[in-house]
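For reference, target.tsv (TSV, C-alpha atoms):
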chain	number	residue	atom	x	y	z
A	82	VAL	CA	102.72	101.18	111.89
A	83	VAL	CA	100.75	101.48	108.64
A	84	GLY	CA	100.95	101.87	104.90
A	85	GLY	CA	104.17	102.10	102.96
A	86	ALA	CA	106.34	101.32	105.98
A	87	VAL	CA	104.63	97.93	106.36
A	88	ARG	CA	104.68	97.30	102.60
A	89	ASP	CA	108.38	98.12	102.36
A	90	GLN	CA	109.23	95.97	105.38
A	91	LEU	CA	107.46	92.99	103.80
A	92	LEU	CA	109.49	93.62	100.63
A	93	GLY	CA	112.75	93.90	102.61
A	94	LEU	CA	113.25	97.54	101.64
A	95	GLU	CA	114.70	100.33	103.79
A	96	ARG	CA	112.43	103.22	104.66
A	97	ALA	CA	113.42	106.54	106.24
A	98	ASP	CA	109.97	107.71	107.32
A	99	LEU	CA	107.32	106.06	109.44
A	100	ASP	CA	103.52	106.33	109.39
A	101	LEU	CA	101.50	105.57	112.51
A	102	VAL	CA	97.75	105.42	113.03
A	103	VAL	CA	96.24	105.67	116.48
A	104	GLU	CA	92.67	104.81	117.40
A	105	GLY	CA	92.37	108.14	119.18
A	106	ASP	CA	94.00	111.56	119.13
A	107	ALA	CA	97.09	111.76	116.89
A	108	ALA	CA	98.17	115.16	118.27
A	109	ALA	CA	97.96	113.89	121.85
A	110	LEU	CA	100.16	110.91	121.00
A	111	ALA	CA	102.65	113.18	119.23
A	112	ALA	CA	102.84	115.40	122.30
A	113	ARG	CA	103.31	112.39	124.60
A	114	LEU	CA	106.31	111.32	122.52
A	115	GLY	CA	107.98	114.56	123.60
A	116	ALA	CA	108.41	116.11	120.18
A	117	GLU	CA	106.99	119.36	118.91
A	118	PRO	CA	104.25	118.24	116.50
A	119	ARG	CA	103.24	120.04	113.33
A	120	GLU	CA	99.50	119.49	113.39
A	121	HIS	CA	97.13	119.33	110.45
A	122	GLU	CA	93.76	119.45	112.21
A	123	ARG	CA	91.71	119.19	109.01
A	124	PHE	CA	93.22	115.75	108.34
A	125	ALA	CA	93.61	114.63	111.99
A	126	THR	CA	97.38	114.23	111.53
A	127	ALA	CA	100.59	115.37	113.16
A	128	LYS	CA	104.19	115.16	111.98
A	129	ILE	CA	107.12	114.90	114.37
A	130	GLU	CA	110.86	114.40	114.29
A	131	PHE	CA	111.65	111.44	116.55
A	132	ASP	CA	115.10	109.95	117.07
A	133	GLY	CA	116.30	111.40	113.75
A	134	HIS	CA	113.30	110.10	111.79
A	135	GLU	CA	110.23	111.84	110.43
A	136	VAL	CA	107.08	110.26	111.83
A	137	ASP	CA	103.56	110.95	110.56
A	138	ILE	CA	100.85	110.18	113.10
A	139	ALA	CA	97.22	110.06	112.05
A	140	SER	CA	94.04	109.43	113.93
A	141	ALA	CA	92.16	106.45	112.50
A	142	ARG	CA	89.78	108.06	110.05
A	143	SER	CA	87.33	107.66	107.24
A	144	GLU	CA	86.97	110.12	104.42
A	145	SER	CA	84.67	111.09	101.61
A	146	TYR	CA	85.16	113.35	98.62
A	147	PRO	CA	82.40	115.89	97.87
A	148	HIS	CA	83.44	116.05	94.21
A	149	PRO	CA	86.24	114.64	92.02
A	150	GLY	CA	89.68	115.87	92.97
A	151	SER	CA	88.50	117.75	96.07
A	152	LEU	CA	90.15	117.54	99.46
A	153	PRO	CA	88.52	114.84	101.55
A	154	VAL	CA	86.05	115.40	104.34
A	155	VAL	CA	87.64	113.56	107.26
A	156	ARG	CA	85.75	111.85	110.09
A	157	PRO	CA	87.01	109.65	112.91
A	158	ALA	CA	86.99	105.91	112.23
A	159	ALA	CA	86.20	103.43	114.97
A	160	THR	CA	88.98	100.94	114.21
A	161	ILE	CA	92.26	100.51	112.38
A	162	GLU	CA	90.49	98.18	109.94
A	163	ASP	CA	88.08	100.99	109.05
A	164	ASP	CA	91.05	103.30	108.45
A	165	LEU	CA	92.82	100.74	106.27
A	166	GLY	CA	89.69	100.36	104.13
A	167	ARG	CA	89.84	104.00	102.99
A	168	ARG	CA	93.37	103.81	101.60
A	169	ASP	CA	94.46	103.83	97.96
A	170	PHE	CA	95.83	100.34	97.23
A	171	SER	CA	95.71	97.03	99.03
A	172	VAL	CA	99.52	97.03	99.37
A	173	ASN	CA	99.22	100.24	101.43
A	174	ALA	CA	96.30	98.98	103.53
A	175	MET	CA	98.26	96.92	106.07
A	176	ALA	CA	99.33	97.60	109.64
A	177	ILE	CA	101.49	96.12	112.38
A	178	PRO	CA	100.52	96.97	115.98
A	179	LEU	CA	103.25	98.40	118.20
A	180	ALA	CA	101.73	96.85	121.34
A	181	GLY	CA	100.73	93.27	122.04
A	182	GLU	CA	101.57	90.30	119.88
A	183	PRO	CA	103.25	91.21	116.60
A	184	ARG	CA	100.84	90.47	113.76
A	185	LEU	CA	99.95	91.71	110.35
A	186	ILE	CA	96.58	93.43	110.08
A	187	ASP	CA	95.64	92.94	106.43
A	188	PRO	CA	91.88	93.17	105.84
A	189	GLN	CA	92.30	94.09	102.14
A	190	GLY	CA	94.65	91.26	101.09
A	191	GLY	CA	97.71	93.45	100.57
A	192	ARG	CA	100.25	90.77	101.41
A	193	ALA	CA	98.83	88.37	98.83
A	194	ASP	CA	98.86	91.19	96.26
A	195	LEU	CA	102.51	92.00	97.10
A	196	GLU	CA	103.47	88.33	96.75
A	197	ALA	CA	101.70	88.20	93.37
A	198	GLY	CA	103.31	91.47	92.21
A	199	ARG	CA	99.83	92.94	91.86
A	200	LEU	CA	98.64	96.53	92.39
A	201	ARG	CA	94.94	96.73	93.28
A	202	ALA	CA	92.92	99.86	93.96
A	203	LEU	CA	90.48	99.55	96.84
A	204	HIS	CA	87.59	101.57	95.43
A	205	PRO	CA	86.00	102.06	92.00
A	206	GLU	CA	86.16	105.86	92.44
A	207	SER	CA	89.71	105.85	93.80
A	208	PHE	CA	91.32	107.77	90.93
A	209	VAL	CA	88.38	110.13	90.53
A	210	ASP	CA	88.48	111.00	94.23
A	211	ASP	CA	92.22	111.58	94.21
A	212	PRO	CA	93.90	111.79	90.78
A	213	THR	CA	97.37	111.74	92.39
A	214	ARG	CA	96.73	108.04	93.05
A	215	ALA	CA	97.33	107.45	89.33
A	216	ILE	CA	100.81	108.92	89.72
A	217	ARG	CA	101.41	106.71	92.75
A	218	ALA	CA	100.28	103.70	90.72
A	219	ALA	CA	102.91	104.49	88.09
A	220	ARG	CA	105.54	105.01	90.77
A	221	TYR	CA	104.75	101.67	92.46
A	222	ALA	CA	104.83	99.92	89.08
A	223	ALA	CA	108.26	101.36	88.31
A	224	ARG	CA	109.86	101.24	91.77
A	225	LEU	CA	108.33	98.05	93.15
A	226	GLY	CA	107.60	96.11	89.96
A	227	LEU	CA	103.87	95.89	90.71
A	228	GLU	CA	101.47	95.38	87.80
A	229	PRO	CA	97.98	96.87	88.02
A	230	GLU	CA	95.39	94.10	88.10
A	231	ALA	CA	92.75	94.22	85.34
A	232	GLU	CA	90.11	96.25	87.18
A	233	THR	CA	92.66	98.76	88.47
A	234	GLU	CA	94.08	99.16	84.96
A	235	ALA	CA	90.57	99.73	83.60
A	236	LEU	CA	89.91	102.36	86.30
A	237	LEU	CA	93.18	104.11	85.45
A	238	ARG	CA	92.37	104.15	81.73
A	239	ALA	CA	88.80	105.37	82.30
A	240	THR	CA	90.00	108.15	84.58
A	241	ALA	CA	92.71	109.21	82.12
A	242	LEU	CA	90.21	109.35	79.24
A	243	ASP	CA	87.33	111.00	81.10
A	244	PRO	CA	88.20	111.98	84.68
A	245	VAL	CA	84.99	113.86	85.53
A	246	SER	CA	82.26	112.89	83.08
A	247	PRO	CA	78.75	113.72	84.25
A	248	ASP	CA	77.93	110.10	85.02
A	249	ARG	CA	80.98	109.86	87.31
A	250	ARG	CA	80.42	113.12	89.21
A	251	ARG	CA	78.97	112.95	92.66
A	252	ALA	CA	76.09	115.10	93.80
Translate the structure of the given file into C-alpha coordinates.
Amino acid sequence: VVGGAVRDQLLGLERADLDLVVEGDAAALAARLGAEPREHERFATAKIEFDGHEVDIASARSESYPHPGSLPVVRPAATIEDDLGRRDFSVNAMAIPLAGEPRLIDPQGGRADLEAGRLRALHPESFVDDPTRAIRAARYAARLGLEPEAETEALLRATALDPVSPDRRRA
(Lines of atoms letter the chains of each structure in order from A and count residues from 1; the text may use other names and numbers.)
(Lines give C-alpha, C1' and ligand atoms only; values in the text may rest on other atoms or scores of the structure.)
Protein backbone atom coordinates (compact mmCIF):
# COMPACT_ATOMS: atom_id res chain seq x y z
CA VAL A 1 0.00 0.00 0.00
CA VAL A 2 1.51 3.35 -1.00
CA GLY A 3 1.02 7.08 -1.09
CA GLY A 4 -2.02 8.86 0.24
CA ALA A 5 -3.51 5.71 1.76
CA VAL A 6 -0.44 5.34 4.01
CA ARG A 7 -0.34 9.07 4.78
CA ASP A 8 -4.01 9.14 5.70
CA GLN A 9 -3.71 6.02 7.86
CA LEU A 10 -0.85 7.61 9.80
CA LEU A 11 -3.05 10.69 10.29
CA GLY A 12 -6.02 8.55 11.41
CA LEU A 13 -8.14 9.58 8.43
CA GLU A 14 -10.60 7.43 6.49
CA ARG A 15 -9.84 6.75 2.84
CA ALA A 16 -12.16 5.22 0.25
CA ASP A 17 -9.56 4.34 -2.39
CA LEU A 18 -6.38 2.32 -2.20
CA ASP A 19 -3.11 2.58 -4.13
CA LEU A 20 -0.86 -0.45 -4.50
CA VAL A 21 2.58 -0.77 -6.06
CA VAL A 22 3.94 -4.13 -7.12
CA GLU A 23 7.55 -4.89 -7.99
CA GLY A 24 6.38 -6.55 -11.18
CA ASP A 25 3.39 -6.50 -13.51
CA ALA A 26 0.46 -4.43 -12.21
CA ALA A 27 -1.98 -5.77 -14.82
CA ALA A 28 -1.09 -9.37 -13.95
CA LEU A 29 -1.76 -8.71 -10.27
CA ALA A 30 -5.05 -7.02 -11.10
CA ALA A 31 -6.12 -10.03 -13.14
CA ARG A 32 -5.10 -12.43 -10.35
CA LEU A 33 -7.37 -10.55 -7.96
CA GLY A 34 -10.28 -11.63 -10.15
CA ALA A 35 -11.48 -8.19 -11.18
CA GLU A 36 -11.72 -6.77 -14.67
CA PRO A 37 -8.85 -4.25 -14.77
CA ARG A 38 -8.87 -0.99 -16.69
CA GLU A 39 -5.28 -0.86 -17.87
CA HIS A 40 -3.19 2.19 -18.65
CA GLU A 41 -0.18 0.61 -20.34
CA ARG A 42 1.65 3.91 -20.88
CA PHE A 43 1.83 4.41 -17.10
CA ALA A 44 2.11 0.72 -16.10
CA THR A 45 -1.09 0.97 -14.03
CA ALA A 46 -4.41 -0.80 -13.69
CA LYS A 47 -7.58 0.19 -11.84
CA ILE A 48 -9.99 -2.36 -10.41
CA GLU A 49 -13.11 -2.49 -8.29
CA PHE A 50 -12.41 -4.87 -5.40
CA ASP A 51 -14.81 -5.60 -2.55
CA GLY A 52 -16.64 -2.31 -3.15
CA HIS A 53 -13.45 -0.23 -3.24
CA GLU A 54 -11.54 1.34 -6.10
CA VAL A 55 -7.96 0.06 -6.17
CA ASP A 56 -5.18 1.53 -8.29
CA ILE A 57 -2.32 -0.88 -8.93
CA ALA A 58 0.94 0.35 -10.40
CA SER A 59 4.13 -1.38 -11.35
CA ALA A 60 7.09 0.07 -9.46
CA ARG A 61 8.41 2.69 -11.85
CA SER A 62 10.68 5.61 -12.45
CA GLU A 63 9.80 8.51 -14.68
CA SER A 64 11.31 11.46 -16.45
CA TYR A 65 9.76 14.48 -18.11
CA PRO A 66 11.05 15.44 -21.58
CA HIS A 67 9.93 19.05 -21.08
CA PRO A 68 7.98 21.04 -18.47
CA GLY A 69 4.38 19.95 -18.07
CA SER A 70 4.71 16.96 -20.42
CA LEU A 71 3.45 13.49 -19.66
CA PRO A 72 6.19 11.42 -18.07
CA VAL A 73 8.25 8.78 -19.80
CA VAL A 74 7.75 5.73 -17.59
CA ARG A 75 10.30 2.96 -17.04
CA PRO A 76 10.27 0.02 -14.64
CA ALA A 77 11.94 0.61 -11.28
CA ALA A 78 13.86 -2.15 -9.54
CA THR A 79 12.46 -1.60 -6.04
CA ILE A 80 9.66 0.04 -4.10
CA GLU A 81 12.20 2.51 -2.69
CA ASP A 82 13.06 3.60 -6.24
CA ASP A 83 9.35 4.10 -6.96
CA LEU A 84 8.84 6.12 -3.78
CA GLY A 85 11.73 8.41 -4.73
CA ARG A 86 9.92 9.63 -7.87
CA ARG A 87 6.81 10.83 -6.06
CA ASP A 88 5.69 14.40 -5.42
CA PHE A 89 6.01 14.97 -1.66
CA SER A 90 7.67 13.10 1.17
CA VAL A 91 4.28 12.56 2.85
CA ASN A 92 3.18 10.60 -0.24
CA ALA A 93 6.42 8.62 -0.52
CA MET A 94 5.68 5.94 2.08
CA ALA A 95 4.56 2.33 1.78
CA ILE A 96 3.39 -0.56 3.94
CA PRO A 97 4.00 -4.08 2.58
CA LEU A 98 1.00 -6.40 2.42
CA ALA A 99 3.17 -9.50 2.98
CA GLY A 100 5.69 -10.23 5.70
CA GLU A 101 6.19 -8.20 8.83
CA PRO A 102 4.17 -4.98 8.92
CA ARG A 103 6.55 -2.05 8.64
CA LEU A 104 6.66 1.44 7.29
CA ILE A 105 8.89 1.93 4.26
CA ASP A 106 9.83 5.60 4.45
CA PRO A 107 13.06 6.40 2.59
CA GLN A 108 12.14 10.10 2.13
CA GLY A 109 11.27 10.95 5.76
CA GLY A 110 7.54 11.37 5.18
CA ARG A 111 6.50 10.32 8.68
CA ALA A 112 8.75 12.92 10.31
CA ASP A 113 7.37 15.55 7.93
CA LEU A 114 3.78 14.54 8.79
CA GLU A 115 4.55 14.75 12.52
CA ALA A 116 6.08 18.20 12.00
CA GLY A 117 3.13 19.37 9.85
CA ARG A 118 5.57 19.93 6.99
CA LEU A 119 5.04 19.56 3.24
CA ARG A 120 8.28 18.88 1.36
CA ALA A 121 8.71 18.38 -2.37
CA LEU A 122 11.13 15.63 -3.31
CA HIS A 123 12.75 17.24 -6.35
CA PRO A 124 13.84 20.76 -7.33
CA GLU A 125 12.00 20.41 -10.68
CA SER A 126 8.88 18.86 -9.15
CA PHE A 127 6.48 21.69 -10.01
CA VAL A 128 8.04 22.31 -13.41
CA ASP A 129 7.69 18.62 -14.32
CA ASP A 130 4.09 18.46 -13.16
CA PRO A 131 2.37 21.80 -12.44
CA THR A 132 -0.64 20.02 -10.92
CA ARG A 133 1.60 19.29 -7.94
CA ALA A 134 1.20 22.96 -6.97
CA ILE A 135 -2.55 22.43 -6.74
CA ARG A 136 -1.99 19.31 -4.64
CA ALA A 137 0.30 21.32 -2.37
CA ALA A 138 -2.50 23.83 -1.77
CA ARG A 139 -4.99 21.03 -1.19
CA TYR A 140 -2.72 19.30 1.37
CA ALA A 141 -2.13 22.62 3.13
CA ALA A 142 -5.87 23.25 3.41
CA ARG A 143 -7.11 19.71 4.07
CA LEU A 144 -4.27 18.33 6.17
CA GLY A 145 -2.86 21.50 7.73
CA LEU A 146 0.59 20.95 6.22
CA GLU A 147 2.86 23.96 5.74
CA PRO A 148 5.32 23.96 2.84
CA GLU A 149 8.88 23.95 4.16
CA ALA A 150 11.08 26.84 3.00
CA GLU A 151 12.60 25.20 -0.09
CA THR A 152 9.24 23.85 -1.25
CA GLU A 153 7.67 27.28 -0.81
CA ALA A 154 10.49 28.84 -2.82
CA LEU A 155 10.00 26.25 -5.59
CA LEU A 156 6.26 26.97 -5.65
CA ARG A 157 6.84 30.73 -5.88
CA ALA A 158 9.50 30.37 -8.59
CA THR A 159 7.26 28.11 -10.65
CA ALA A 160 4.28 30.45 -10.27
CA LEU A 161 6.35 33.46 -11.37
CA ASP A 162 8.25 31.80 -14.22
CA PRO A 163 7.16 28.20 -14.88
CA VAL A 164 9.21 27.57 -18.03
CA SER A 165 12.00 30.13 -18.26
CA PRO A 166 14.80 29.18 -20.63
CA ASP A 167 17.19 28.35 -17.80
CA ARG A 168 14.65 25.91 -16.34
CA ARG A 169 13.75 24.12 -19.58
CA ARG A 170 15.25 20.74 -20.23
CA ALA A 171 16.90 19.81 -23.49
Item checked: Within 8 Å of Ile186 of chain A using all atoms listed in the file, minus same-chain residues under 3 positions, as a PyMOL selection string -> chain A and resi 162+175-178
Resulting file, chosen residues, C-alpha atoms, as a PDB file, keeping the file's coordinate frame:
ATOM      1  CA  GLU A 162      90.490  98.180 109.940  1.00  0.00           C
ATOM      2  CA  MET A 175      98.260  96.920 106.070  1.00  0.00           C
ATOM      3  CA  ALA A 176      99.330  97.600 109.640  1.00  0.00           C
ATOM      4  CA  ILE A 177     101.490  96.120 112.380  1.00  0.00           C
ATOM      5  CA  PRO A 178     100.520  96.970 115.980  1.00  0.00           C
TER       6      PRO A 178
END
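For the pair atom CA of Leu225 of chain A and atom CA of Gly84 of chain A, the separation is 14.4 Å.
Closest approach to Ser143 of chain A from the set A:Gly191, A:Arg123, A:Glu130, A:Asp164 is made by A:Asp164, with distances taken over only C-alpha atoms.
Of the residues under consideration (A:Leu195, A:Tyr221, A:Pro149, A:Arg184), A:Pro149 shows the shortest atom-to-atom contact distance to Phe208 of chain A when counting all atoms listed in the file.
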Next item on the list: Rounded to one decimal place, report the atom CA of Ser140 of chain A-atom CA of Gly190 of chain A distance in Å.
Entry: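 Atom-to-atom, atom CA of Ser140 of chain A and atom CA of Gly190 of chain A are spaced 22.3 Å apart.
Computed from the coordinates, the atom CA of Ala107 of chain A to atom CA of Thr126 of chain A distance equals 5.9 Å.
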Go through segment 99-187 of chain A residue by residue and, counting all atoms listed in the file, keep those with an atom at most 12 Å from segment 229-239 of chain A; for each kept residue give the shortest atom pair and its distance in Å to one decimal, ordered by chain and increasing number, as CSV.
residue,atom,partner,partner_atom,distance
A:Asp169,CA,A:Thr233,CA,10.9
A:Phe170,CA,A:Thr233,CA,9.4
A:Ser171,CA,A:Thr233,CA,11.1
A:Val172,CA,A:Pro229,CA,11.5
Item checked: Selected residue of minimal separation from Arg192 of chain A among A:Thr240, A:Leu92, A:Leu101, A:Ala116, counting all atoms listed in the file ->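 Closest residue, counting all atoms listed in the file: A:Leu92.
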Checklist line | Surrounding residues of segment 154-158 of chain A excluding itself and chain neighbours under 4 positions, 10 Å, all atoms listed in the file, as number ranges by chain | finding: A: 104-106, 122-125, 140-147, 162-165, 167
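Here the question is which of A:Pro188, A:Ala219, A:Lys128, A:Ala109 gets nearest to Thr160 of chain A using all atoms listed in the file, and that residue is A:Pro188.
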Padding of 3 Å on every side, edges along x, y and z, all listed atoms of segment 217-221 of chain A included: what centre and edge lengths in Å, to one decimal, does that box have, as JSON?
{"center_x": 102.9, "center_y": 104.2, "center_z": 90.4, "size_x": 11.3, "size_y": 11.0, "size_z": 10.7}
Notebook entry, point to check: For Gly85 of chain A, which residue out of A:Ala112, A:Ala241, A:Leu152, A:Ala174 is the nearest one, using all atoms listed in the file?
Noted result: A:Ala174
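With distances restricted to only C-alpha atoms, A:Gly198 is the closest residue to Glu228 of chain A from A:Pro183, A:Gly133, A:Gly198, A:Pro118.
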